[in-house]
Each structure stands twice: as structure tokens, then as C-alpha cells.
>>> print(open('my_file.tsv').read())   # TSV, C-alpha atoms
chain	number	residue	atom	x	y	z
A	20	MET	CA	-9.29	-4.56	18.87
A	21	SER	CA	-9.87	-2.77	22.26
A	22	ALA	CA	-6.78	-3.76	24.28
A	23	GLU	CA	-6.12	-6.80	22.13
A	24	VAL	CA	-3.04	-7.32	20.00
A	25	MET	CA	-3.34	-8.81	16.54
A	26	LEU	CA	-0.36	-10.94	15.54
A	27	LEU	CA	0.54	-11.79	11.94
A	28	ASN	CA	3.25	-14.41	11.51
A	29	LEU	CA	5.13	-13.99	8.26
A	30	ALA	CA	7.65	-16.41	6.80
A	31	GLY	CA	9.34	-14.68	3.91
A	32	ARG	CA	6.35	-13.69	1.80
A	33	ALA	CA	4.11	-16.54	2.98
A	34	THR	CA	1.36	-15.60	5.39
A	35	GLY	CA	0.50	-17.45	8.57
A	36	PRO	CA	-2.89	-17.17	10.30
A	37	ALA	CA	-3.66	-13.96	12.18
A	38	ARG	CA	-4.56	-14.32	15.84
A	39	ARG	CA	-5.64	-12.02	18.64
A	40	VAL	CA	-4.18	-12.12	22.12
A	41	SER	CA	-4.96	-10.03	25.17
A	42	SER	CA	-3.68	-11.68	28.36
A	43	ALA	CA	-0.28	-10.74	29.75
A	44	ASP	CA	0.92	-14.35	29.63
A	45	GLU	CA	-0.09	-14.74	25.98
A	46	LEU	CA	1.68	-11.51	25.04
A	47	ARG	CA	4.90	-12.43	26.82
A	48	GLY	CA	4.79	-15.92	25.34
A	49	ALA	CA	4.32	-14.58	21.81
A	50	PHE	CA	7.22	-12.17	22.30
A	51	THR	CA	9.74	-14.66	23.68
A	52	ARG	CA	8.78	-17.43	21.23
A	53	GLY	CA	9.14	-15.19	18.18
A	54	GLY	CA	11.88	-17.28	16.60
A	55	ARG	CA	13.33	-16.04	13.34
A	56	GLU	CA	10.07	-15.48	11.50
A	57	ALA	CA	8.84	-11.90	11.15
A	58	THR	CA	5.88	-11.19	13.41
A	59	ILE	CA	3.80	-8.05	12.97
A	60	TRP	CA	2.02	-6.72	16.06
A	61	ILE	CA	-1.00	-4.49	15.38
A	62	VAL	CA	-1.85	-2.65	18.59
A	63	ARG	CA	-4.61	-0.12	19.25
A	64	LYS	CA	-3.58	0.79	22.80
A	65	ALA	CA	0.07	0.88	23.87
A	66	VAL	CA	-0.94	0.04	27.44
A	67	ALA	CA	-1.42	-3.55	26.25
A	68	LEU	CA	2.35	-3.80	25.73
A	69	GLN	CA	3.26	-2.97	29.33
A	70	ALA	CA	3.11	-6.72	29.89
A	71	LEU	CA	6.33	-7.03	27.86
A	72	ALA	CA	8.43	-5.05	30.34
A	73	PRO	CA	9.57	-8.14	32.34
A	74	VAL	CA	10.88	-9.84	29.18
A	75	ALA	CA	12.16	-6.75	27.35
A	76	GLY	CA	15.76	-7.80	27.94
A	77	ALA	CA	15.18	-11.10	26.14
A	78	ARG	CA	14.44	-9.58	22.74
A	79	ARG	CA	14.03	-12.33	20.18
A	80	GLY	CA	12.75	-12.74	16.68
A	81	GLU	CA	11.79	-10.22	14.04
A	82	HIS	CA	9.00	-8.37	15.85
A	83	ARG	CA	7.58	-5.30	14.07
A	84	LEU	CA	5.00	-3.00	15.63
A	85	VAL	CA	2.15	-0.98	14.11
A	86	LEU	CA	0.76	1.23	16.87
A	87	LEU	CA	-2.60	2.90	16.24
A	88	GLU	CA	-2.32	5.70	18.78
A	89	ARG	CA	-0.08	8.54	19.89
A	90	VAL	CA	2.34	7.82	22.72
A	91	SER	CA	4.82	9.77	24.79
A	92	ALA	CA	8.46	10.04	23.71
A	93	ALA	CA	9.46	7.79	26.61
A	94	ARG	CA	6.95	5.09	25.70
A	95	GLU	CA	7.97	5.19	22.05
A	96	ALA	CA	11.65	4.90	23.04
A	97	PHE	CA	10.82	1.76	25.07
A	98	LEU	CA	8.92	0.23	22.15
A	99	ARG	CA	11.68	1.00	19.67
A	100	ALA	CA	14.15	-0.67	22.00
A	101	ILE	CA	12.34	-4.01	21.95
A	102	PHE	CA	10.79	-4.11	18.45
A	103	ARG	CA	12.81	-4.34	15.26
A	104	SER	CA	10.72	-1.55	13.73
A	105	VAL	CA	7.88	0.65	14.94
A	106	VAL	CA	5.28	2.50	12.90
A	107	SER	CA	3.68	4.98	15.28
A	108	LEU	CA	2.54	8.17	13.62
A	109	SER	CA	1.26	11.21	15.52
A	110	GLY	CA	-1.59	12.69	13.53
A	111	ALA	CA	-1.32	10.09	10.77
A	112	LYS	CA	-4.22	8.21	9.26
A	113	PHE	CA	-4.16	4.45	8.86
A	114	LEU	CA	-6.17	2.04	6.78
A	115	ALA	CA	-9.43	0.92	8.30
A	116	GLU	CA	-8.71	-1.82	10.82
A	117	GLU	CA	-10.51	-4.51	8.84
A	118	GLU	CA	-8.19	-3.80	5.90
A	119	LEU	CA	-4.94	-3.20	7.80
A	120	GLY	CA	-4.17	-6.82	8.65
A	121	THR	CA	-4.94	-7.93	5.10
A	122	ALA	CA	-2.53	-5.36	3.62
A	123	LEU	CA	0.27	-6.24	6.05
A	124	ALA	CA	-0.08	-9.95	5.26
A	125	SER	CA	-0.42	-9.52	1.50
A	126	PRO	CA	2.22	-11.14	-0.74
A	127	TYR	CA	2.13	-7.80	-2.60
A	128	ARG	CA	2.62	-5.67	0.52
A	129	ASP	CA	5.57	-3.85	-1.05
A	130	ARG	CA	3.00	-2.34	-3.44
A	131	LEU	CA	0.60	-1.17	-0.72
A	132	PHE	CA	0.38	1.67	1.80
A	133	ILE	CA	-1.00	1.33	5.33
A	134	GLY	CA	-1.05	4.98	6.35
A	135	GLY	CA	0.32	8.43	5.91
A	136	ILE	CA	0.20	12.09	6.81
A	137	VAL	CA	0.13	15.39	4.93
A	138	ASP	CA	2.66	18.04	5.96
A	139	HIS	CA	0.93	21.14	4.64
A	140	GLU	CA	3.76	23.48	5.57
A	141	ALA	CA	6.42	21.41	3.78
A	142	GLY	CA	4.08	20.59	0.89
A	143	VAL	CA	4.56	16.81	1.03
A	144	VAL	CA	2.61	13.63	1.66
A	145	VAL	CA	4.47	11.01	3.73
A	146	LEU	CA	3.31	7.45	3.01
A	147	TYR	CA	4.07	4.27	4.95
A	148	SER	CA	4.44	0.95	3.16
A	149	ALA	CA	2.73	-2.27	4.22
A	150	ASP	CA	6.22	-3.74	3.91
A	151	LEU	CA	7.42	-2.42	7.26
A	152	GLY	CA	11.07	-2.81	6.33
A	153	ARG	CA	10.80	0.00	3.78
A	154	ASP	CA	11.49	3.66	4.50
A	155	PRO	CA	8.58	6.13	4.34
A	156	LEU	CA	7.92	7.54	0.89
A	157	VAL	CA	7.83	11.34	0.58
A	158	VAL	CA	5.73	12.67	-2.31
A	159	PRO	CA	5.44	16.40	-3.12
A	160	THR	CA	1.84	17.62	-3.07
A	161	ALA	CA	2.53	19.29	-6.43
A	162	TRP	CA	2.73	15.81	-8.02
A	163	PHE	CA	-1.00	15.26	-7.44
A	164	THR	CA	-2.33	17.18	-10.44
A	165	PRO	CA	-6.06	17.38	-11.24
A	166	SER	CA	-7.48	14.20	-12.77
A	167	GLY	CA	-8.81	13.91	-16.28
A	168	ASP	CA	-12.32	14.99	-15.24
A	169	GLY	CA	-10.97	18.06	-13.42
A	170	THR	CA	-11.18	16.69	-9.87
A	171	GLU	CA	-8.76	18.57	-7.59
A	172	PRO	CA	-6.91	16.91	-4.70
A	173	ASP	CA	-8.08	18.01	-1.24
A	174	PHE	CA	-5.10	17.52	1.08
A	175	HIS	CA	-7.23	18.16	4.16
A	176	ARG	CA	-9.17	14.96	3.46
A	177	PHE	CA	-6.37	12.41	3.23
A	178	ALA	CA	-7.11	8.69	3.59
A	179	VAL	CA	-5.69	5.33	2.50
A	180	SER	CA	-8.24	3.06	0.84
A	181	ASP	CA	-8.89	-0.18	-1.04
A	182	TYR	CA	-6.65	-2.32	1.18
A	183	GLY	CA	-3.73	0.04	0.65
A	184	SER	CA	-3.79	0.14	-3.14
A	185	ALA	CA	-4.94	3.77	-3.35
A	186	ILE	CA	-4.96	7.03	-1.45
A	187	GLN	CA	-7.86	9.47	-1.32
A	188	LEU	CA	-7.53	13.24	-1.24
A	189	GLY	CA	-11.18	14.12	-0.90
A	190	ASP	CA	-12.89	13.00	-4.12
A	191	TYR	CA	-9.49	12.66	-5.81
A	192	GLU	CA	-7.88	9.21	-5.99
A	193	ALA	CA	-4.31	8.14	-6.82
A	194	SER	CA	-3.22	4.52	-7.15
A	195	ALA	CA	-0.35	3.23	-5.04
A	196	ASP	CA	1.15	1.74	-8.18
A	197	ALA	CA	1.33	5.13	-9.92
A	198	ILE	CA	2.83	6.82	-6.86
A	199	LEU	CA	5.45	4.13	-6.36
A	200	TYR	CA	6.38	4.05	-10.03
A	201	GLU	CA	7.10	7.78	-10.01
A	202	HIS	CA	8.80	8.10	-6.62
A	203	ASP	CA	10.37	4.77	-5.63
A	204	PRO	CA	13.36	3.78	-7.82
A	205	LEU	CA	13.45	0.22	-6.44
A	206	TYR	CA	9.80	-0.30	-7.29
A	207	ARG	CA	10.27	1.23	-10.74
A	208	ARG	CA	13.15	-1.10	-11.58
A	209	ALA	CA	11.15	-4.12	-10.40
A	210	ALA	CA	8.11	-2.97	-12.38
A	211	LYS	CA	10.16	-2.59	-15.55
A	212	LYS	CA	11.52	-6.12	-15.15
A	213	GLU	CA	8.00	-7.40	-14.69
A	214	LEU	CA	6.84	-5.55	-17.78
A	215	LEU	CA	9.58	-7.21	-19.81
A	216	LYS	CA	8.34	-10.61	-18.65
A	217	GLN	CA	4.79	-9.71	-19.66
A	218	ASP	CA	5.80	-7.89	-22.83
A	219	GLU	CA	3.31	-9.74	-25.00
A	220	SER	CA	0.41	-9.56	-22.54
A	221	PHE	CA	-2.75	-7.48	-22.98
A	222	GLY	CA	-1.73	-5.35	-19.99
A	223	ALA	CA	1.66	-4.55	-21.48
A	224	SER	CA	0.04	-3.58	-24.80
A	225	LEU	CA	-2.44	-1.36	-22.99
A	226	ARG	CA	0.34	0.39	-21.09
A	227	ARG	CA	2.40	1.01	-24.24
A	228	LEU	CA	-0.60	2.44	-26.07
A	229	ARG	CA	-1.67	4.57	-23.09
A	230	LEU	CA	1.80	6.12	-22.82
A	231	GLN	CA	1.92	6.64	-26.59
A	232	ARG	CA	-1.33	8.58	-26.34
A	233	GLY	CA	0.05	10.65	-23.42
A	234	LEU	CA	-2.66	9.49	-21.03
A	235	GLY	CA	-2.48	8.82	-17.31
A	236	ARG	CA	-4.17	5.92	-15.57
A	237	ASP	CA	-6.75	8.33	-14.17
A	238	ASP	CA	-7.87	9.42	-17.66
A	239	PHE	CA	-10.25	6.50	-18.22
A	240	ALA	CA	-13.26	7.50	-16.09
A	241	PRO	CA	-15.52	5.86	-15.06
A	242	ILE	CA	-12.80	3.16	-14.89
A	243	SER	CA	-10.61	3.86	-11.87
A	244	ALA	CA	-6.86	4.40	-12.04
A	245	LYS	CA	-6.27	1.41	-9.79
A	246	GLN	CA	-8.29	-0.84	-12.10
A	247	ILE	CA	-6.21	0.30	-15.09
A	248	ALA	CA	-3.05	-0.36	-13.03
A	249	ARG	CA	-4.19	-3.89	-12.20
A	250	ILE	CA	-4.93	-4.64	-15.84
A	251	GLU	CA	-1.52	-3.35	-16.90
A	252	ARG	CA	0.24	-5.43	-14.22
A	253	GLY	CA	-1.59	-8.55	-15.34
A	254	GLU	CA	-3.30	-8.96	-11.94
A	255	THR	CA	-6.75	-9.29	-13.50
A	256	GLU	CA	-8.08	-11.13	-16.51
A	257	LYS	CA	-8.65	-9.35	-19.81
A	258	PRO	CA	-11.37	-6.71	-19.26
A	259	ARG	CA	-15.00	-7.51	-19.89
A	260	GLU	CA	-16.52	-6.31	-23.14
A	261	ARG	CA	-18.05	-3.08	-21.74
A	262	THR	CA	-14.83	-2.12	-19.92
A	263	LEU	CA	-12.76	-2.94	-23.00
A	264	GLU	CA	-14.98	-0.71	-25.14
A	265	LEU	CA	-14.58	2.23	-22.75
A	266	ILE	CA	-10.79	1.82	-22.70
A	267	ALA	CA	-10.59	1.52	-26.49
A	268	ARG	CA	-12.78	4.60	-27.00
A	269	ARG	CA	-10.50	6.67	-24.79
A	270	LEU	CA	-7.46	5.38	-26.71
A	271	ASP	CA	-9.20	6.05	-30.03
A	272	VAL	CA	-8.78	2.49	-31.34
A	273	ARG	CA	-11.01	-0.52	-31.83
A	274	PRO	CA	-10.98	-2.95	-28.87
A	275	GLU	CA	-9.27	-5.68	-30.88
A	276	GLU	CA	-6.47	-3.29	-31.88
A	277	ILE	CA	-5.11	-2.74	-28.36
A	278	GLU	CA	-3.14	-6.00	-28.38
A	279	GLU	CA	-1.44	-4.98	-31.63
A	280	TYR	CA	0.64	-2.37	-29.80
>>> encode(input="my_file.tsv", output="C-alpha cells")
Amino acid sequence: MSAEVMLLNLAGRATGPARRVSSADELRGAFTRGGREATIWIVRKAVALQALAPVAGARRGEHRLVLLERVSAAREAFLRAIFRSVVSLSGAKFLAEEELGTALASPYRDRLFIGGIVDHEAGVVVLYSADLGRDPLVVPTAWFTPSGDGTEPDFHRFAVSDYGSAIQLGDYEASADAILYEHDPLYRRAAKKELLKQDESFGASLRRLRLQRGLGRDDFAPISAKQIARIERGETEKPRERTLELIARRLDVRPEEIEEY
């Protein structure tokens, strides 16, 4: 994005086309014509926003900023004064740029993370939602226990991956769905309501049987935890035969028996 700004226009949960702007006139025009629709600004270099200084007093719309660099306290104070919300994280790691815009514009952005940081001294991971109106989620590092194959989390190699649906801790992976379910009460309540709606689905049966067996979503290698989560949420079709066989073997049932639970 060099000095460009990527704008995502969001109306409720519907996504408008993303566009890139770089000239001072375009930036000021986008800012003053914001209207009531939420507009997300993805900015690599804060210097690009100096063009907004002349119109800073005419704050309009629902502008939200994701800033991909460190800035001084004074510059951050200016940005927080003119944007409804600002995500600017010193030392934090964001999604890869090609995935960031997609996550922010996703209709499921409340289920995705765009970045985060590990506080080794406090023993927590701080995660930032793609739904910029949500508070950061704080997860104790102790929650990330070794996966079923013995893989240990490496908190010095933190990254967000797969368009925000997972985080990586070295070779260790945890799905956003699993993290949110355990640590975000609002998400958990919404997920339970959704499960009730899908009570008779294959995904709901799989989840009931998995919990009955005392298994986590990361206990189905080589099937990833995020794939199991998607199946349970009904976001994918019924697994293919080979995948279904692997799942059934881990659950110690025949493939056709899963839907009986």
C-alpha cells in the first residue's frame, strides 16, 4: 500500500467495494463525505493522514482506522480525536495485507482476528477482532495447552493466519472459534443459539459426540482444528468420504453413526 489508504465501506454487515486513494484531495473528500456508513481506513504510513488536518474539525461519519505502523503519542492522540476507533499496536503483528481487507469486510468479522501481541511478562495474548467495535480479547498463555500430537505453543513466533480464523504460535495452531468460545461470553451465547438452530445438523452431531468423547478440535490430525470448527458451525458441506473416515476413526464410531448423536 506504500502511502496509499485502503477504504472499505461497510453498511451494517454488507460490504461495499474496497478502493485505494493516495492524493490529499481524495483523502479529504473521503473523510468529509463519510456519511453514516462505517468506513474502515487501512493505512501503512501515518504520514498519509496529515492531509486530514485541515478538515479534522469537521469529523463526520463512522470512520475507523487500522494503522500498520508505530506512531508517536502525539500523532496517535490526533488520530484518535478524528476517528471513531483506532487500532494501532506497537510491536503487534497483523494479518498479511492481502488478507487484512478481506477479514475486515467479512460478514463473519466478529469471528475473526486481525492482529495481536504476546505480553510475555504478564503471560497473556492480546487479540484484536476484525469487528473494530469490539474490545481486545485477553487470553492467558496457560490456556494454549499442547495439541493432541504433542506440539507445544511457541509464544515467540506469534502470527494471525488463514484470513483471521486462526492464530499460529510456531507450529502450534489454535482456531479463532475455539478461543472466542472459551473467552468471549457474547460469542459463546451467540454460538449456543446457533447450535440450537442447527441441532439436527451433521455439525451439531459431530460437536456433541466430540465433547462426549472428551476431545478438542485439535485432536483430529491431520484435519485442522479450524476445519473441524467450520464443520461444526455448518459453514462447510458434509465432509468428503476420506475426511469423514478420519473423523469417525478418532471418535471410535462408524462414519454413518456420527449423525445418530
>>> closest_residue(input="my_file.tsv", among="A:Leu68, A:Leu119, A:Leu265, A:Ile136", to="Arg94 in chain A", atoms="only C-alpha atoms")
A:Leu68
>>> atom_distance(input="my_file.tsv", atom1="CA of Leu114 in chain A", atom2="CA of Ala149 in chain A")
10.2 Å
>>> residues_around(input="my_file.tsv", residues="range 240-250 of chain A", least_positions_apart="5", cutoff="6 Å", atoms="only C-alpha atoms", output="list in words")
Ser194, Gly222 and Thr255 of chain A
>>> write_last_selection(input="my_file.tsv", atoms="C-alpha atoms", output="tab-separated table (two decimals), in the coordinates of the input")
chain	number	residue	atom	x	y	z
A	194	SER	CA	-3.22	4.52	-7.15
A	222	GLY	CA	-1.73	-5.35	-19.99
A	255	THR	CA	-6.75	-9.29	-13.50
>>> closest_residue(input="my_file.tsv", among="A:Pro159, A:Gly169, A:Gly120, A:Gly235", to="Gly142 in chain A", atoms="all atoms listed in the file")
A:Pro159
>>> closest_residue(input="my_file.tsv", among="A:Ser220, A:Pro204, A:Phe177, A:Glu260", to="Leu156 in chain A", atoms="only C-alpha atoms")
A:Pro204
>>> axis_aligned_box(input="my_file.tsv", around="range 63-67 of chain A", padding_each_side="8 Å", output="lines of an AutoDock Vina configuration file")
center_x = -2.3
center_y = -1.3
center_z = 23.3
size_x = 20.7
size_y = 20.4
size_z = 24.2
>>> atom_distance(input="my_file.tsv", atom1="CA of Arg236 in chain A", atom2="CA of Arg268 in chain A")
14.4 Å
>>> residues_around(input="my_file.tsv", residues="Pro172 in chain A", least_positions_apart="6", cutoff="7 Å", atoms="all atoms listed in the file", output="count of residues only")
5
>>> atom_distance(input="my_file.tsv", atom1="CA of Glu279 in chain A", atom2="CA of Tyr127 in chain A")
29.4 Å
>>> closest_atom_pairs(input="my_file.tsv", of="range 98-132 of chain A", to="range 80-88 of chain A", cutoff="6 Å", atoms="all atoms listed in the file", output="tab-separated table")
residue	atom	partner	partner_atom	distance
A:Phe102	CA	A:His82	CA	5.3
A:Arg103	CA	A:Arg83	CA	5.4
A:Ser104	CA	A:Arg83	CA	4.9
A:Val105	CA	A:Leu84	CA	4.7
A:Val106	CA	A:Val85	CA	4.8
A:Ser107	CA	A:Leu86	CA	5.0
>>> closest_residue(input="my_file.tsv", among="A:Ala67, A:Ala178, A:Ile266, A:Leu230", to="Gly134 in chain A", atoms="all atoms listed in the file")
A:Ala178
>>> closest_residue(input="my_file.tsv", among="A:Arg130, A:Lys112, A:Arg207, A:Arg226", to="Val144 in chain A", atoms="all atoms listed in the file")
A:Lys112
>>> residues_near_point(input="my_file.tsv", point="(4.2, 2.2, 6.0)", cutoff="9 Å", atoms="all atoms listed in the file", output="count of residues only")
18
>>> closest_residue(input="my_file.tsv", among="A:Val62, A:Ser184, A:Thr51, A:His139", to="Ile101 in chain A", atoms="only C-alpha atoms")
A:Thr51
